[in-house]
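Engineer: Contents of entry-v1.cif (mmCIF, C-alpha atoms):
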data_entry
loop_
_atom_site.label_atom_id
_atom_site.label_comp_id
_atom_site.auth_asym_id
_atom_site.auth_seq_id
_atom_site.Cartn_x
_atom_site.Cartn_y
_atom_site.Cartn_z
CA MET Y 1459 -1.10 -1.25 -11.95
CA LYS Y 1460 2.32 0.35 -11.61
CA GLN Y 1461 0.97 3.68 -12.87
CA VAL Y 1462 -1.89 3.58 -10.37
CA PHE Y 1463 0.61 3.07 -7.54
CA LYS Y 1464 2.71 5.96 -8.83
CA CYS Y 1465 -0.35 8.21 -9.04
CA SER Y 1466 -1.43 7.18 -5.52
CA SER Y 1467 1.97 8.14 -4.13
CA MET Y 1468 1.85 11.50 -5.88
CA HIS Y 1469 -1.57 12.22 -4.42
CA VAL Y 1470 -0.38 11.42 -0.89
CA TRP Y 1471 2.64 13.69 -1.39
CA ALA Y 1472 0.31 16.48 -2.55
CA LEU Y 1473 -1.98 15.98 0.46
CA LEU Y 1474 0.90 16.22 2.90
CA LYS Y 1475 2.28 19.31 1.16
CA LYS Y 1476 -1.15 20.91 1.39
CA SER Y 1477 -1.32 19.87 5.04
CA LYS Y 1478 1.93 21.70 5.77
CA ASN Y 1479 1.08 24.80 3.76
CA TYR Y 1480 -2.24 25.25 5.57
CA LYS Y 1481 -1.03 23.97 8.96
CA SER Y 1482 -3.79 21.38 9.02
CA ARG Y 1483 -2.82 17.93 10.21
CA ILE Y 1484 -4.00 14.88 8.26
CA GLY Y 1485 -3.73 11.51 9.97
CA GLU Y 1486 -2.66 8.12 8.65
CA GLU Y 1487 -6.19 6.79 9.12
CA THR Y 1488 -7.63 9.38 6.74
CA ILE Y 1489 -4.89 8.89 4.16
CA THR Y 1490 -5.29 5.12 4.29
CA GLU Y 1491 -9.05 5.40 3.79
CA LEU Y 1492 -8.58 7.73 0.83
CA PHE Y 1493 -5.94 5.44 -0.65
CA GLN Y 1494 -8.25 2.45 -0.27
CA LEU Y 1495 -11.07 4.35 -1.97
CA PHE Y 1496 -8.73 5.47 -4.75
CA LEU Y 1497 -7.65 1.90 -5.48
CA SER Y 1498 -11.23 0.65 -5.56
CA SER Y 1499 -12.59 3.42 -7.77
CA MET Y 1500 -9.72 4.32 -10.10
CA PHE Y 1501 -8.07 1.05 -10.94
CA HIS Y 1502 -8.23 0.58 -14.71
CA SER Y 1503 -6.47 -2.64 -15.58
CA ASN Y 1504 -8.55 -5.08 -17.59
CA GLN Y 1505 -6.82 -8.03 -15.95
CA ILE Y 1506 -6.88 -7.03 -12.27
CA LEU Y 1507 -9.98 -7.06 -10.08
CA ILE Y 1508 -9.95 -4.92 -6.91
CA LYS Y 1509 -12.16 -5.63 -3.90
CA SER Y 1510 -11.77 -3.73 -0.61
CA PHE Y 1511 -13.31 -4.24 2.81
CA SER Y 1512 -13.13 -2.19 6.01
CA LYS Y 1513 -13.62 -3.28 9.58
CA HIS Y 1514 -16.07 -1.56 11.91
CA GLN Y 1515 -13.91 -2.15 14.97
CA GLU Y 1516 -10.26 -1.62 15.80
CA SER Y 1517 -7.82 -4.36 14.85
CA GLN Y 1518 -5.83 -6.05 17.62
CA ASN Y 1519 -2.87 -7.43 15.65
CA GLY Y 1520 -0.93 -4.22 14.97
CA ALA Y 1521 -1.80 -4.10 11.28
CA ASP Y 1522 -3.71 -1.42 9.41
CA TRP Y 1523 -4.19 -3.19 6.13
CA ASP Y 1524 -3.93 -6.66 4.58
CA TRP Y 1525 -3.23 -6.96 0.85
CA TRP Y 1526 -3.78 -10.25 -0.95
CA PHE Y 1527 -2.47 -10.80 -4.45
CA ILE Y 1528 -4.47 -13.64 -5.94
CA SER Y 1529 -4.01 -15.80 -9.02
CA ASP Y 1530 -6.75 -18.37 -8.62
CA SER Y 1531 -6.14 -20.01 -11.99
CA ASN Y 1532 -2.53 -20.76 -11.00
CA LYS Y 1533 -3.36 -21.43 -7.33
CA LYS Y 1534 -0.80 -18.84 -6.22
CA TYR Y 1535 -1.46 -16.40 -3.39
CA LEU Y 1536 0.58 -13.77 -1.56
CA GLY Y 1537 -0.47 -11.88 1.56
CA ILE Y 1538 1.15 -8.63 2.72
CA ARG Y 1539 0.34 -7.20 6.15
CA ILE Y 1540 0.89 -3.44 6.20
CA GLN Y 1541 1.29 -1.01 9.08
CA ALA Y 1542 0.81 2.58 7.89
CA LYS Y 1543 2.48 5.61 9.48
CA VAL Y 1544 2.43 9.25 8.41
CA ILE Y 1545 5.18 11.84 8.64
CA SER Y 1546 4.62 15.15 10.36
CA PRO Y 1547 5.43 17.50 7.43
CA ASP Y 1548 6.48 20.42 9.61
CA THR Y 1549 9.06 18.51 11.67
CA GLU Y 1550 9.76 15.68 9.18
CA GLU Y 1551 9.34 13.08 11.91
CA TYR Y 1552 7.28 9.93 12.06
CA LYS Y 1553 6.03 10.63 15.56
CA VAL Y 1554 4.61 7.19 16.38
CA LEU Y 1555 6.71 4.92 14.18
CA HIS Y 1556 7.75 2.87 17.22
CA TYR Y 1557 4.31 2.82 18.79
CA ILE Y 1558 3.79 0.68 21.89
CA SER Y 1559 0.28 -0.75 22.31
CA GLY Y 1560 -0.12 -1.55 25.99
CA LYS Y 1561 3.23 -3.14 26.83
CA GLN Y 1562 3.82 -4.57 23.37
CA PRO Y 1563 5.70 -2.81 20.57
CA GLN Y 1564 3.41 -2.61 17.58
CA ALA Y 1565 6.21 -3.85 15.31
CA LEU Y 1566 6.57 -7.12 17.24
CA LYS Y 1567 2.80 -7.68 17.16
CA LEU Y 1568 2.92 -7.15 13.41
CA LYS Y 1569 5.76 -9.65 13.05
CA ARG Y 1570 4.10 -12.35 15.14
CA SER Y 1571 0.73 -12.07 13.41
CA SER Y 1572 2.36 -12.03 9.95
CA VAL Y 1573 4.40 -15.17 10.64
CA LYS Y 1574 1.30 -16.89 12.06
CA ASP Y 1575 -0.73 -16.08 8.93
CA SER Y 1576 2.13 -16.65 6.41
CA MET Y 1577 2.08 -13.00 5.33
CA VAL Y 1578 4.88 -10.54 4.55
CA PRO Y 1579 5.07 -7.73 7.16
CA LEU Y 1580 5.78 -4.25 5.78
CA TYR Y 1581 5.50 -0.63 6.84
CA ALA Y 1582 3.92 1.90 4.48
CA LEU Y 1583 5.18 5.38 5.33
CA TYR Y 1584 3.20 8.36 4.03
CA THR Y 1585 6.02 10.79 3.35
CA TYR Y 1586 6.82 14.38 2.36
CA TRP Y 1587 9.91 16.56 2.65
CA ASP Y 1588 11.16 20.01 1.68
CA HIS Y 1589 14.85 19.13 1.53
CA THR Y 1590 15.79 15.82 -0.05
CA PRO Y 1591 17.37 13.39 2.45
CA LYS Y 1592 19.81 10.60 1.66
CA LEU Y 1593 18.04 8.06 -0.49
CA ARG Y 1594 18.79 4.64 -1.87
CA TYR Y 1595 16.86 5.54 -5.04
CA THR Y 1596 18.45 8.80 -6.15
CA GLY Y 1597 16.94 9.02 -9.62
CA GLU Y 1598 13.29 8.89 -8.60
CA LYS Y 1599 10.80 11.74 -8.59
CA LYS Y 1600 10.34 12.81 -5.01
CA GLU Y 1601 6.56 12.49 -5.30
CA TYR Y 1602 6.94 8.73 -5.81
CA PHE Y 1603 8.02 8.53 -2.16
CA GLY Y 1604 4.58 9.77 -1.04
CA ILE Y 1605 3.85 6.14 -0.21
CA SER Y 1606 7.09 4.38 0.68
CA LEU Y 1607 7.59 0.81 1.82
CA VAL Y 1608 10.05 -0.24 4.52
CA ALA Y 1609 10.83 -3.81 5.55
CA LEU Y 1610 9.77 -4.60 9.10
CA ASP Y 1611 13.28 -5.77 9.91
CA ASN Y 1612 14.63 -2.32 9.12
CA ILE Y 1613 12.05 -0.73 11.44
CA LEU Y 1614 13.20 -3.06 14.22
CA LYS Y 1615 16.82 -2.24 13.44
CA LEU Y 1616 16.11 1.49 13.73
CA LYS Y 1617 14.44 0.99 17.11
CA LYS Y 1618 17.31 -1.16 18.38
CA ASN Y 1619 19.88 1.45 17.41
CA LYS Y 1620 17.94 4.48 18.63
CA PRO Y 1621 20.08 6.84 20.73
CA TRP Y 1622 16.98 7.97 22.68
CA GLN Y 1623 13.81 6.52 24.13
CA GLY Y 1624 10.43 7.21 22.61
CA GLU Y 1625 8.19 6.45 19.68
CA LYS Y 1626 9.22 9.04 17.11
CA GLU Y 1627 11.76 8.63 14.30
CA THR Y 1628 13.34 11.22 12.02
CA LEU Y 1629 13.16 11.16 8.25
CA GLN Y 1630 16.96 11.36 8.08
CA ARG Y 1631 17.31 8.04 9.88
CA VAL Y 1632 14.58 6.31 7.88
CA SER Y 1633 15.23 7.72 4.41
CA MET Y 1634 17.83 5.17 3.22
CA TYR Y 1635 15.27 2.39 3.72
CA LEU Y 1636 12.44 4.04 1.76
CA VAL Y 1637 11.27 2.11 -1.31
CA PRO Y 1638 8.62 3.73 -3.57
CA LEU Y 1639 5.39 1.74 -3.58
CA TYR Y 1640 5.40 1.14 -7.33
CA LYS Y 1641 8.58 -0.94 -6.98
CA LEU Y 1642 6.29 -3.81 -6.02
CA LEU Y 1643 5.66 -4.04 -9.76
CA ASN Y 1644 9.04 -2.88 -11.02
CA LYS Y 1645 9.82 -6.10 -12.89
CA SER Y 1646 7.43 -8.60 -14.39
CA ASN Y 1647 8.09 -12.10 -15.66
CA THR Y 1648 5.27 -13.10 -18.01
CA SER Y 1649 5.80 -16.76 -17.19
CA LYS Y 1650 4.95 -16.09 -13.54
CA SER Y 1651 1.72 -15.18 -11.78
CA LEU Y 1652 1.02 -11.79 -10.19
CA PRO Y 1653 1.74 -13.07 -6.64
CA GLU Y 1654 5.06 -14.58 -7.76
CA ASN Y 1655 6.12 -11.36 -9.48
CA ILE Y 1656 5.18 -9.27 -6.45
CA PHE Y 1657 7.17 -11.56 -4.17
CA ASP Y 1658 10.22 -11.47 -6.46
CA ASN Y 1659 10.11 -7.66 -6.38
CA LEU Y 1660 9.76 -7.66 -2.61
CA LYS Y 1661 12.89 -9.74 -2.22
CA SER Y 1662 14.95 -7.72 -4.69
CA GLU Y 1663 13.75 -4.20 -3.87
CA LEU Y 1664 13.24 -4.24 -0.10
CA ASN Y 1665 16.30 -6.38 0.60
CA PRO Y 1666 15.00 -7.60 3.96
CA ARG Y 1667 17.57 -8.38 6.60
CA GLU Y 1668 17.52 -11.16 9.20
CA GLY Y 1669 14.01 -12.27 10.02
CA MET Y 1670 11.58 -12.16 7.17
CA PHE Y 1671 13.46 -14.44 4.77
CA SER Y 1672 15.97 -16.02 7.15
CA ARG Y 1673 16.09 -19.50 8.64
CA LYS Y 1674 15.24 -18.12 12.08
CA CYS Y 1675 11.50 -18.18 11.50
CA PRO Y 1676 9.04 -19.51 8.90
CA ARG Y 1677 9.36 -17.66 5.63
CA PRO Y 1678 6.19 -15.87 4.56
CA GLY Y 1679 5.71 -15.88 0.83
CA VAL Y 1680 3.66 -17.29 -2.04
CA ILE Y 1681 1.30 -20.01 -0.87
CA ASP Y 1682 -0.86 -22.48 -2.80
CA LYS Y 1683 -4.02 -22.32 -0.69
CA LEU Y 1684 -5.95 -19.17 0.11
CA PRO Y 1685 -7.14 -18.85 3.74
CA ASP Y 1686 -10.83 -19.67 4.13
CA LYS Y 1687 -11.63 -16.17 5.41
CA ILE Y 1688 -10.12 -14.53 2.34
CA MET Y 1689 -11.76 -17.06 0.02
CA HIS Y 1690 -15.11 -16.08 1.50
CA LEU Y 1691 -14.38 -12.37 0.98
CA LEU Y 1692 -13.45 -13.12 -2.61
CA ARG Y 1693 -16.91 -14.58 -3.17
CA ILE Y 1694 -18.79 -11.59 -1.72
CA ASP Y 1695 -20.26 -9.61 -4.60
CA GLY Y 1696 -22.28 -6.42 -4.95
CA ASP Y 1697 -23.14 -4.19 -1.99
CA VAL Y 1698 -21.21 -5.37 1.05
CA GLU Y 1699 -22.60 -2.82 3.52
CA ASP Y 1700 -25.06 -5.34 4.94
CA GLU Y 1701 -22.63 -8.24 4.99
CA ARG Y 1702 -21.47 -9.37 8.42
CA TYR Y 1703 -17.83 -9.73 7.41
CA ASP Y 1704 -16.04 -8.12 10.38
CA GLN Y 1705 -15.11 -11.54 11.69
CA LEU Y 1706 -13.39 -12.28 8.36
CA LEU Y 1707 -10.99 -9.34 8.66
CA ASP Y 1708 -7.83 -9.80 10.67
CA ALA Y 1709 -6.73 -6.22 9.93
CA ASP Y 1710 -8.65 -2.95 9.86
CA ARG Y 1711 -8.84 -3.29 6.09
CA VAL Y 1712 -8.43 -5.97 3.47
CA THR Y 1713 -7.86 -5.36 -0.24
CA LEU Y 1714 -7.81 -8.17 -2.79
CA PHE Y 1715 -5.86 -7.79 -6.03
CA VAL Y 1716 -7.19 -10.58 -8.23
CA GLU Y 1717 -5.40 -11.56 -11.42
CA THR Y 1718 -8.04 -12.45 -13.96
CA GLU Y 1719 -8.69 -12.60 -17.70
CA ILE Y 1720 -11.21 -10.82 -19.90
CA GLY Y 1721 -14.24 -13.01 -20.41
CA THR Y 1722 -13.87 -15.14 -17.30
CA GLU Y 1723 -16.70 -15.28 -14.80
CA ILE Y 1724 -14.85 -13.24 -12.19
CA GLY Y 1725 -13.75 -10.76 -14.82
CA ARG Y 1726 -17.38 -10.11 -15.67
CA ALA Y 1727 -18.15 -9.00 -12.11
CA GLY Y 1728 -17.67 -5.60 -13.67
CA THR Y 1729 -18.55 -3.39 -10.70
CA PHE Y 1730 -14.89 -3.48 -9.77
CA MET Y 1731 -13.50 -3.22 -13.30
CA CYS Y 1732 -12.83 -0.02 -15.18
CA SER Y 1733 -12.58 0.39 -18.93
CA PRO Y 1734 -10.34 3.13 -20.38
CA HIS Y 1735 -13.41 5.26 -21.09
CA ARG Y 1736 -14.77 4.94 -17.54
CA CYS Y 1737 -11.30 5.50 -16.14
CA ALA Y 1738 -10.99 8.73 -18.13
CA LEU Y 1739 -14.39 9.84 -16.83
CA ARG Y 1740 -13.35 9.24 -13.25
CA TYR Y 1741 -10.09 11.08 -13.77
CA ARG Y 1742 -12.04 14.03 -15.12
CA LEU Y 1743 -14.23 14.03 -12.03
CA PHE Y 1744 -11.33 14.00 -9.59
CA GLY Y 1745 -8.59 15.92 -11.35
CA ASN Y 1746 -7.91 19.34 -12.83
CA PRO Y 1747 -6.42 18.48 -16.26
CA THR Y 1748 -8.69 18.66 -19.28
CA SER Y 1749 -10.81 15.69 -20.25
CA SER Y 1750 -8.76 15.09 -23.39
CA GLN Y 1751 -5.57 14.88 -21.32
CA TRP Y 1752 -7.08 12.31 -18.98
CA GLN Y 1753 -8.72 10.32 -21.75
CA ASN Y 1754 -5.49 10.11 -23.73
CA THR Y 1755 -3.70 9.03 -20.58
CA ALA Y 1756 -6.18 6.25 -19.88
CA VAL Y 1757 -6.26 4.96 -23.45
CA ARG Y 1758 -2.48 4.86 -23.77
CA ASN Y 1759 -2.11 3.50 -20.22
CA THR Y 1760 0.80 5.87 -19.66
CA GLU Y 1761 1.69 7.82 -16.53
CA PRO Y 1762 -1.03 10.22 -15.38
CA PRO Y 1763 -0.22 13.94 -15.11
CA ARG Y 1764 0.96 15.14 -11.71
CA PRO Y 1765 -1.84 16.00 -9.28
CA GLU Y 1766 -2.65 19.68 -9.22
CA LEU Y 1767 -2.18 21.33 -5.83
CA GLY Y 1768 -4.61 24.14 -6.56
CA GLY Y 1769 -7.71 21.94 -6.64
CA ALA Y 1770 -9.83 21.13 -3.64
CA VAL Y 1771 -10.02 17.42 -4.40
CA PHE Y 1772 -6.99 15.14 -4.74
CA TRP Y 1773 -8.67 11.78 -5.19
#
Write the structure described by the file as structure tokens, please.

Structural biologist:
Amino acid sequence: MKQVFKCSSMHVWALLKKSKNYKSRIGEETITELFQLFLSSMFHSNQILIKSFSKHQESQNGADWDWWFISDSNKKYLGIRIQAKVISPDTEEYKVLHYISGKQPQALKLKRSSVKDSMVPLYALYTYWDHTPKLRYTGEKKEYFGISLVALDNILKLKKNKPWQGEKETLQRVSMYLVPLYKLLNKSNTSKSLPENIFDNLKSELNPREGMFSRKCPRPGVIDKLPDKIMHLLRIDGDVEDERYDQLLDADRVTLFVETEIGTEIGRAGTFMCSPHRCALRYRLFGNPTSSQWQNTAVRNTEPPRPELGGAVFW
């Protein structure tokens, strides 16, 4: 899964670079939809099931996307509520990072809804730059910052300390808080479930300040009972186009990452699984490298080649 997150970030970086080169703006909604599609179609772990759902109407809680990491056998569950924002590649500003919906800051709506639903609130920033800013992670490939996570508390801190009024924020002020998406899976303890490992990485990598893990409010984290709405989504199988599931989605989108085992009933719901051979085929369809390069990548489960900028399709 770590390699899929790395590849996703590289694709977003490439899209934003292309956007700048051709002076054609691409919005966060489009990138999020492509990212969701990429996760659903390209994921090739034989122990993780991916199921994604999209809402037909606009969400009211300030969140773009809910992620649930599920280990049903261990009765461990972790929800992450994500607000996505995209940088403007030409000015290197997140122009609506501090968006106000009506009279309410979007960040505060995100915090309240996350605490209510026992979920971790995060920002996912779709990012690109020409000149490297100050970073906490100095040894990383810049493309890995294509999808960067920032703790909600740091977003609120930036707004509080802003020397001007408005919704935009510069990359230079945000850059020290950027954490590459794949860090969610940076360390893995085999004695722990997927949700527990994700939560451990969240605490160590995002280093949230007062708020999310403080005594001032309930601490979102790993829970032992999945919300009924999400349990129902988990049971939906096959074509979901005709399912009336809008009322089950608290965010615009919901993606379930289900830890499973080969041979279990849920593992055999194979429409969402991807063998190395099928993964290689899909890579060949969406990428420029030769089929042998992609197939070797999938079989060895190593890092995919960098996305080619000359192709018309990035996903």

Engineer: Here's the selection I'm unsure about, the PyMOL selection byres ((chain Y and resi 1678-1683) around 10); applied to the file above, which residues does it give, as a ChimeraX atom specification?

Structural biologist: /Y:1527-1530,1532-1538,1572-1579,1653-1658,1660-1661,1670-1671,1675-1677,1684-1686,1689

Engineer: Please enumerate the residues selected by the PyMOL selection byres ((chain Y and resi 1599-1610) around 7) when evaluated against the supplied file, formatted as a VMD selection string.

Structural biologist: chain Y and resid 1464 1467 to 1468 1470 to 1471 1579 to 1586 1597 to 1598 1611 to 1614 1635 to 1639 1664 1666

Engineer: Show which residues sit within 6 Å of Asp1522 in chain Y, as a compact mmCIF listing (two decimals) with C-alpha atoms, in the frame of the given file. Count all atoms listed in the file, and ignore same-chain residues fewer than 3 positions away.

Structural biologist:
# COMPACT_ATOMS: atom_id res chain seq x y z
CA ILE Y 1540 0.89 -3.44 6.20
CA GLN Y 1541 1.29 -1.01 9.08
CA ALA Y 1709 -6.73 -6.22 9.93
CA ASP Y 1710 -8.65 -2.95 9.86

Engineer: Give the answer as one residue: which of Y:Arg1631, Y:Lys1460, Y:Arg1539, Y:Lys1592 has the shortest atom-to-atom distance to Tyr1552 in chain Y, using all atoms listed in the file?

Structural biologist: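 Of all the options, Y:Arg1631 lies closest to Tyr1552 in chain Y.
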
Engineer: To one decimal place in Å, what is the distance between CA of Tyr1480 in chain Y and CA of Glu1551 in chain Y?

Structural biologist: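 A separation of 18.0 Å between them.
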
Engineer: Give me, please, the distance in Å between CA of Lys1569 in chain Y and CA of Lys1543 in chain Y, quoted to one decimal.

Structural biologist: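 Computed distance, CA of Lys1569 in chain Y to CA of Lys1543 in chain Y, equals 16.0 Å.
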
Engineer: I would like the residues chosen by the PyMOL selection byres ((chain Y and resi 1513) around 7) on the shown file; could you give them as JSON, numbers by chain?

Structural biologist: {"Y": [1511, 1512, 1514, 1515, 1704, 1707, 1710, 1711]}

Engineer: Please compute the CA of Ser1646 in chain Y-CA of Leu1495 in chain Y distance, one decimal, in Å.

Structural biologist: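 Rounded to one decimal, the two atoms are 25.8 Å apart.
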
Engineer: My list of candidates is Y:Ser1498, Y:Glu1627, Y:Ser1466, Y:Lys1476. Which is closest to Val1554 in chain Y when distances are computed with only C-alpha atoms?

Structural biologist: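 That would be Y:Glu1627, the residue with the smallest distance to Val1554 in chain Y.
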
Engineer: Counting only C-alpha atoms, which of Y:Val1632, Y:Glu1663, Y:Glu1487, Y:Leu1714 gets nearest to Asn1644 in chain Y?

Structural biologist: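 With only C-alpha atoms as the atom set, the closest residue is Y:Glu1663.
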